[in-house]
file data13.txt (compact mmCIF, C-alpha atoms)
# COMPACT_ATOMS: atom_id res chain seq x y z
CA ALA A 13 -34.35 4.38 3.01
CA GLN A 14 -36.78 3.14 5.62
CA LYS A 15 -38.33 -0.14 4.61
CA VAL A 16 -39.82 -3.35 5.98
CA THR A 17 -39.81 -6.55 3.95
CA GLN A 18 -41.97 -9.56 4.66
CA ALA A 19 -41.01 -11.96 1.93
CA GLN A 20 -43.56 -14.62 2.84
CA THR A 21 -46.87 -13.68 1.29
CA GLU A 22 -48.82 -16.64 2.59
CA ILE A 23 -48.08 -19.58 4.87
CA SER A 24 -50.31 -22.58 5.50
CA VAL A 25 -49.76 -24.98 8.37
CA VAL A 26 -51.69 -27.67 10.16
CA GLU A 27 -52.72 -27.07 13.74
CA LYS A 28 -49.98 -27.72 16.34
CA GLU A 29 -47.18 -27.04 13.91
CA ASP A 30 -44.65 -24.33 14.73
CA VAL A 31 -44.38 -21.47 12.24
CA THR A 32 -41.94 -18.57 11.84
CA LEU A 33 -42.83 -15.32 10.13
CA ASP A 34 -39.86 -13.41 8.75
CA CYS A 35 -39.30 -9.66 8.90
CA VAL A 36 -36.31 -7.75 7.53
CA TYR A 37 -36.01 -4.01 7.96
CA GLU A 38 -33.86 -1.19 6.63
CA THR A 39 -33.03 2.01 8.43
CA ARG A 40 -30.08 4.33 8.83
CA ASP A 41 -31.09 5.25 12.35
CA THR A 42 -29.36 3.85 15.41
CA THR A 43 -32.47 4.26 17.55
CA TYR A 44 -35.72 2.83 16.26
CA TYR A 45 -38.64 0.65 17.27
CA LEU A 46 -40.02 -2.52 15.74
CA PHE A 47 -43.55 -3.85 16.08
CA TRP A 48 -45.69 -6.82 15.18
CA TYR A 49 -49.42 -6.47 14.62
CA LYS A 50 -52.07 -9.08 13.92
CA GLN A 51 -54.99 -8.36 11.57
CA PRO A 52 -57.77 -10.95 11.92
CA PRO A 53 -60.59 -11.15 9.35
CA SER A 54 -62.50 -8.48 11.28
CA GLY A 55 -59.87 -6.02 10.04
CA GLU A 56 -58.77 -4.36 13.27
CA LEU A 57 -55.01 -4.31 13.82
CA VAL A 58 -54.05 -5.82 17.16
CA PHE A 59 -50.75 -4.90 18.79
CA LEU A 60 -48.54 -7.88 19.69
CA ILE A 61 -45.11 -6.57 20.62
CA ARG A 62 -42.77 -3.58 20.54
CA ARG A 63 -38.96 -3.70 20.71
CA ASN A 64 -36.47 -0.87 20.74
CA SER A 65 -33.20 -1.10 18.87
CA PHE A 66 -31.10 -1.29 22.02
CA ASP A 67 -32.82 -4.34 23.39
CA GLU A 68 -31.87 -7.49 21.52
CA GLN A 69 -33.14 -9.89 24.12
CA ASN A 70 -35.51 -12.42 22.68
CA GLU A 71 -38.98 -12.35 24.13
CA ILE A 72 -41.50 -15.08 24.79
CA SER A 73 -45.16 -14.58 25.57
CA GLY A 74 -47.09 -17.81 25.82
CA ARG A 75 -46.95 -19.50 22.43
CA TYR A 76 -45.42 -16.42 20.81
CA SER A 77 -41.72 -15.61 20.64
CA TRP A 78 -39.67 -13.00 18.86
CA ASN A 79 -36.06 -13.10 17.68
CA PHE A 80 -34.47 -9.69 17.12
CA GLN A 81 -31.04 -9.67 15.44
CA LYS A 82 -29.50 -6.33 14.56
CA SER A 83 -26.64 -7.99 12.70
CA THR A 84 -29.07 -9.27 10.08
CA SER A 85 -31.69 -6.50 10.51
CA SER A 86 -34.31 -9.09 11.25
CA PHE A 87 -37.17 -9.33 13.71
CA ASN A 88 -38.76 -12.74 13.25
CA PHE A 89 -41.91 -14.01 14.94
CA THR A 90 -42.53 -17.63 15.88
CA ILE A 91 -45.82 -19.19 16.89
CA THR A 92 -45.41 -22.49 18.70
CA ALA A 93 -48.12 -25.14 18.48
CA SER A 94 -50.26 -23.04 16.14
CA GLN A 95 -54.02 -22.94 16.53
CA VAL A 96 -56.84 -22.19 14.09
CA VAL A 97 -57.44 -18.89 15.93
CA ASP A 98 -53.96 -17.77 14.89
CA SER A 99 -55.18 -17.49 11.29
CA ALA A 100 -54.75 -13.84 10.32
CA VAL A 101 -52.50 -11.45 8.46
CA TYR A 102 -49.42 -10.48 10.45
CA PHE A 103 -47.62 -7.20 9.89
CA CYS A 104 -44.15 -6.16 10.94
CA ALA A 105 -43.62 -2.41 11.30
CA LEU A 106 -40.76 0.03 11.85
CA ARG A 107 -40.84 3.38 13.63
CA PRO A 108 -37.66 5.28 12.76
CA SER A 109 -36.30 7.64 15.36
CA TYR A 110 -35.65 10.77 13.36
CA ASN A 111 -39.06 11.08 11.81
CA THR A 112 -42.51 11.46 13.29
CA ASP A 113 -44.22 8.70 15.19
CA LYS A 114 -45.59 7.13 12.03
CA LEU A 115 -45.25 3.39 11.42
CA ILE A 116 -43.78 1.91 8.26
CA PHE A 117 -45.44 -1.44 7.61
CA GLY A 118 -44.41 -4.46 5.61
CA THR A 119 -46.82 -6.01 3.16
CA GLY A 120 -47.89 -8.65 5.64
CA THR A 121 -47.88 -12.44 5.82
CA ARG A 122 -51.18 -14.28 5.66
CA LEU A 123 -51.13 -17.27 7.99
CA GLN A 124 -53.69 -20.01 7.56
CA VAL A 125 -53.86 -22.69 10.22
CA PHE A 126 -55.90 -25.73 9.25
CA PRO A 127 -57.44 -28.12 11.78
CA GLY B 213 -63.35 1.24 27.90
CA ALA B 214 -64.19 2.06 24.34
CA GLY B 215 -61.53 1.63 21.71
CA VAL B 216 -61.00 3.67 18.58
CA SER B 217 -64.18 3.92 16.56
CA GLN B 218 -64.61 4.86 12.94
CA SER B 219 -67.65 5.71 10.87
CA PRO B 220 -69.01 4.79 8.51
CA ARG B 221 -67.65 1.24 8.38
CA TYR B 222 -68.43 1.03 4.68
CA LYS B 223 -68.80 3.78 2.12
CA VAL B 224 -69.59 3.51 -1.56
CA ALA B 225 -69.07 6.65 -3.61
CA LYS B 226 -69.43 7.47 -7.24
CA ARG B 227 -66.32 8.80 -8.88
CA GLY B 228 -66.14 12.54 -8.40
CA GLN B 229 -68.09 12.61 -5.13
CA ASP B 230 -66.67 14.02 -1.92
CA VAL B 231 -66.50 11.78 1.17
CA ALA B 232 -65.84 12.38 4.86
CA LEU B 233 -64.54 9.67 7.18
CA ARG B 234 -64.73 10.07 10.92
CA CYS B 235 -62.46 8.81 13.68
CA ASP B 236 -63.17 8.87 17.42
CA PRO B 237 -59.93 8.13 19.26
CA ILE B 238 -59.63 6.67 22.72
CA SER B 239 -60.53 9.34 25.23
CA GLY B 240 -57.51 11.32 26.35
CA HIS B 241 -55.21 10.10 23.62
CA VAL B 242 -53.00 12.89 22.37
CA SER B 243 -51.80 11.46 19.07
CA LEU B 244 -53.96 10.44 16.15
CA PHE B 245 -52.88 8.81 12.90
CA TRP B 246 -54.53 8.04 9.56
CA TYR B 247 -53.36 5.17 7.35
CA GLN B 248 -54.54 3.89 3.98
CA GLN B 249 -54.57 0.13 3.35
CA ALA B 250 -55.03 -1.07 -0.21
CA LEU B 251 -56.19 -4.61 -0.82
CA GLY B 252 -53.46 -7.11 -0.02
CA GLN B 253 -51.05 -4.45 1.18
CA GLY B 254 -49.83 -3.12 4.48
CA PRO B 255 -51.16 0.14 5.91
CA GLU B 256 -49.48 3.26 4.55
CA PHE B 257 -49.15 6.42 6.59
CA LEU B 258 -51.22 9.42 5.54
CA THR B 259 -51.07 12.01 8.31
CA TYR B 260 -50.56 12.53 12.04
CA PHE B 261 -51.92 14.91 14.68
CA GLN B 262 -50.74 15.78 18.13
CA ASN B 263 -53.77 17.30 19.80
CA GLU B 264 -55.17 19.67 17.16
CA ALA B 265 -51.84 20.27 15.42
CA GLN B 266 -51.20 18.38 12.21
CA LEU B 267 -47.50 17.59 12.54
CA ASP B 268 -46.98 15.47 9.47
CA LYS B 269 -49.06 15.22 6.32
CA SER B 270 -46.34 13.88 4.09
CA GLY B 271 -48.29 10.74 3.25
CA LEU B 272 -51.38 12.42 1.81
CA PRO B 273 -51.37 11.32 -1.84
CA SER B 274 -52.77 14.50 -3.34
CA ASP B 275 -54.37 17.82 -2.50
CA ARG B 276 -57.75 16.09 -2.76
CA PHE B 277 -57.04 14.61 0.66
CA PHE B 278 -57.55 16.77 3.72
CA ALA B 279 -57.61 15.91 7.42
CA GLU B 280 -58.55 17.92 10.47
CA ARG B 281 -58.84 17.55 14.23
CA PRO B 282 -60.10 20.95 15.31
CA GLU B 283 -60.61 20.28 19.02
CA GLY B 284 -57.91 17.72 19.53
CA SER B 285 -60.23 14.74 19.77
CA VAL B 286 -62.42 13.61 16.85
CA SER B 287 -60.76 13.70 13.45
CA THR B 288 -62.19 13.78 9.93
CA LEU B 289 -60.46 12.67 6.77
CA LYS B 290 -62.01 14.24 3.70
CA ILE B 291 -61.45 13.14 0.15
CA GLN B 292 -62.64 15.44 -2.60
CA ARG B 293 -63.53 14.36 -6.12
CA THR B 294 -62.93 10.69 -5.35
CA GLN B 295 -61.15 8.52 -7.89
CA GLN B 296 -61.15 4.75 -8.27
CA GLU B 297 -57.60 4.54 -6.97
CA ASP B 298 -58.86 5.96 -3.66
CA SER B 299 -60.64 2.66 -2.99
CA ALA B 300 -59.05 1.23 0.14
CA VAL B 301 -59.55 0.73 3.86
CA TYR B 302 -58.81 3.87 5.83
CA LEU B 303 -57.48 3.11 9.30
CA CYS B 304 -57.34 5.48 12.22
CA ALA B 305 -55.08 4.93 15.23
CA SER B 306 -54.50 6.81 18.46
CA SER B 307 -51.81 6.70 21.11
CA PRO B 308 -51.63 8.11 24.63
CA GLY B 309 -48.91 10.67 24.03
CA GLN B 310 -45.86 11.70 22.19
CA GLY B 311 -43.06 9.27 22.19
CA ARG B 312 -41.87 6.59 19.92
CA ASP B 313 -42.44 3.74 22.30
CA ASN B 314 -46.15 4.48 22.54
CA GLU B 315 -48.34 1.76 21.15
CA GLN B 316 -50.84 2.78 18.50
CA PHE B 317 -54.38 1.48 18.98
CA PHE B 318 -56.22 0.94 15.71
CA GLY B 319 -59.87 1.27 14.83
CA PRO B 320 -61.77 -1.17 12.60
CA GLY B 321 -61.33 1.00 9.52
CA THR B 322 -63.64 2.45 6.89
CA ARG B 323 -63.78 0.53 3.63
CA LEU B 324 -64.20 3.02 0.79
CA THR B 325 -65.25 1.78 -2.62
CA VAL B 326 -65.26 4.26 -5.48
CA LEU B 327 -67.29 3.18 -8.49
call {"tool": "encode", "arguments": {"input": "data13.txt", "output": "structure tokens"}}
result
Amino acid sequence: AQKVTQAQTEISVVEKEDVTLDCVYETRDTTYYLFWYKQPPSGELVFLIRRNSFDEQNEISGRYSWNFQKSTSSFNFTITASQVVDSAVYFCALRPSYNTDKLIFGTGTRLQVFP
Amino acid sequence: GAGVSQSPRYKVAKRGQDVALRCDPISGHVSLFWYQQALGQGPEFLTYFQNEAQLDKSGLPSDRFFAERPEGSVSTLKIQRTQQEDSAVYLCASSPGQGRDNEQFFGPGTRLTVL
């Protein structure tokens, strides 16, 4: 089965706190891609990052960092020093290799950052 | 540089009515996707085009749903005899070409409410 699980439905933090959003995926494929998208209140999904299954290097982009671990089938996302503008719903997604280019999304984690 | 646009942004239909949702992808993008996002859920794949060819329609929930992209650019998702369970946000995405590392760019969505 191809599946993405985001167990955290909602997280609330105070500005400047660090926060980690969890993502666990299931796939039988050896080649696949993982994504994170942000959905602000306006509704438009904004691409954040893409990783392929052969690249387990962690990535950092400004206040954002991603930890990909194949051994635990996880692709977690950390925001350092959170800001109010980070408030949104965050989706993790899987693109399996054998199928079409469709994305399989998790149910999302709503992050609220309070001032 | 225009992004993906969708119209209308909001649509209210009476149960049993037919509706047509339009997507204008980014100019030159080969691939086009439709997703359905129910309230509080992640987007779920409906169908996918490469140019004018519909390569995957496995996610369409019933034969009341029909999508087309006759000239390989603009796409229309049609829902016949709408039901209350069709109420959702319908998202369109496009990507530059075939290939599983291509990022999908999403439009703002059409929120359909069936009364």
call {"tool": "residues_near_point", "arguments": {"input": "data13.txt", "point": "(-52.8, 14.1, 0.9)", "cutoff": "12 Å", "atoms": "only C-alpha atoms", "output": "list in words"}}
result
Trp246, Tyr247, Gln248, Glu256, Phe257, Leu258, Thr259, Tyr260, Asp268, Lys269, Ser270, Gly271, Leu272, Pro273, Ser274, Asp275, Arg276, Phe277, Phe278, Ala279, Glu280, Leu289, Lys290, Ile291, Gln292 and Asp298 of chain B
call {"tool": "atom_distance", "arguments": {"input": "data13.txt", "atom1": "CA of Asp67 in chain A", "atom2": "CA of Phe87 in chain A"}}
result
11.7 Å
call {"tool": "closest_atom_pairs", "arguments": {"input": "data13.txt", "of": "chain B", "to": "chain A", "cutoff": "8 Å", "atoms": "all atoms listed in the file", "output": "Markdown table"}}
result
| residue | atom | partner | partner_atom | distance |
| --- | --- | --- | --- | --- |
| B:Phe245 | CA | A:Lys114 | CA | 7.5 |
| B:Gly252 | CA | A:Thr119 | CA | 7.4 |
| B:Gln253 | CA | A:Thr119 | CA | 4.9 |
| B:Gly254 | CA | A:Thr119 | CA | 4.4 |
| B:Pro255 | CA | A:Phe117 | CA | 6.2 |
| B:Glu256 | CA | A:Phe117 | CA | 6.9 |
| B:Phe257 | CA | A:Lys114 | CA | 6.5 |
| B:Tyr260 | CA | A:Lys114 | CA | 7.3 |
| B:Leu267 | CA | A:Thr112 | CA | 7.9 |
| B:Asp268 | CA | A:Thr112 | CA | 7.1 |
| B:Gln310 | CA | A:Asp113 | CA | 7.8 |
| B:Gly311 | CA | A:Asp113 | CA | 7.1 |
| B:Arg312 | CA | A:Asp113 | CA | 5.7 |
| B:Asp313 | CA | A:Tyr45 | CA | 7.0 |
| B:Glu315 | CA | A:Phe59 | CA | 7.5 |
| B:Gln316 | CA | A:Phe59 | CA | 7.7 |
| B:Phe317 | CA | A:Phe59 | CA | 7.3 |
| B:Phe318 | CA | A:Leu57 | CA | 5.7 |
| B:Gly319 | CA | A:Glu56 | CA | 5.9 |
| B:Pro320 | CA | A:Glu56 | CA | 4.4 |
| B:Gly321 | CA | A:Glu56 | CA | 7.0 |
call {"tool": "atom_distance", "arguments": {"input": "data13.txt", "atom1": "CA of Gln18 in chain A", "atom2": "CA of Cys235 in chain B"}}
result
29.0 Å
call {"tool": "closest_residue", "arguments": {"input": "data13.txt", "among": "B:Thr325, B:Thr288, B:Arg227, B:Gly309", "to": "Ser243 in chain B", "atoms": "all atoms listed in the file"}}
result
B:Gly309
call {"tool": "closest_residue", "arguments": {"input": "data13.txt", "among": "B:Glu264, B:Glu283, B:Glu297, B:Asp230", "to": "Ala250 in chain B", "atoms": "all atoms listed in the file"}}
result
B:Glu297
call {"tool": "atom_distance", "arguments": {"input": "data13.txt", "atom1": "CA of Ser287 in chain B", "atom2": "CA of Ala232 in chain B"}}
result
10.1 Å
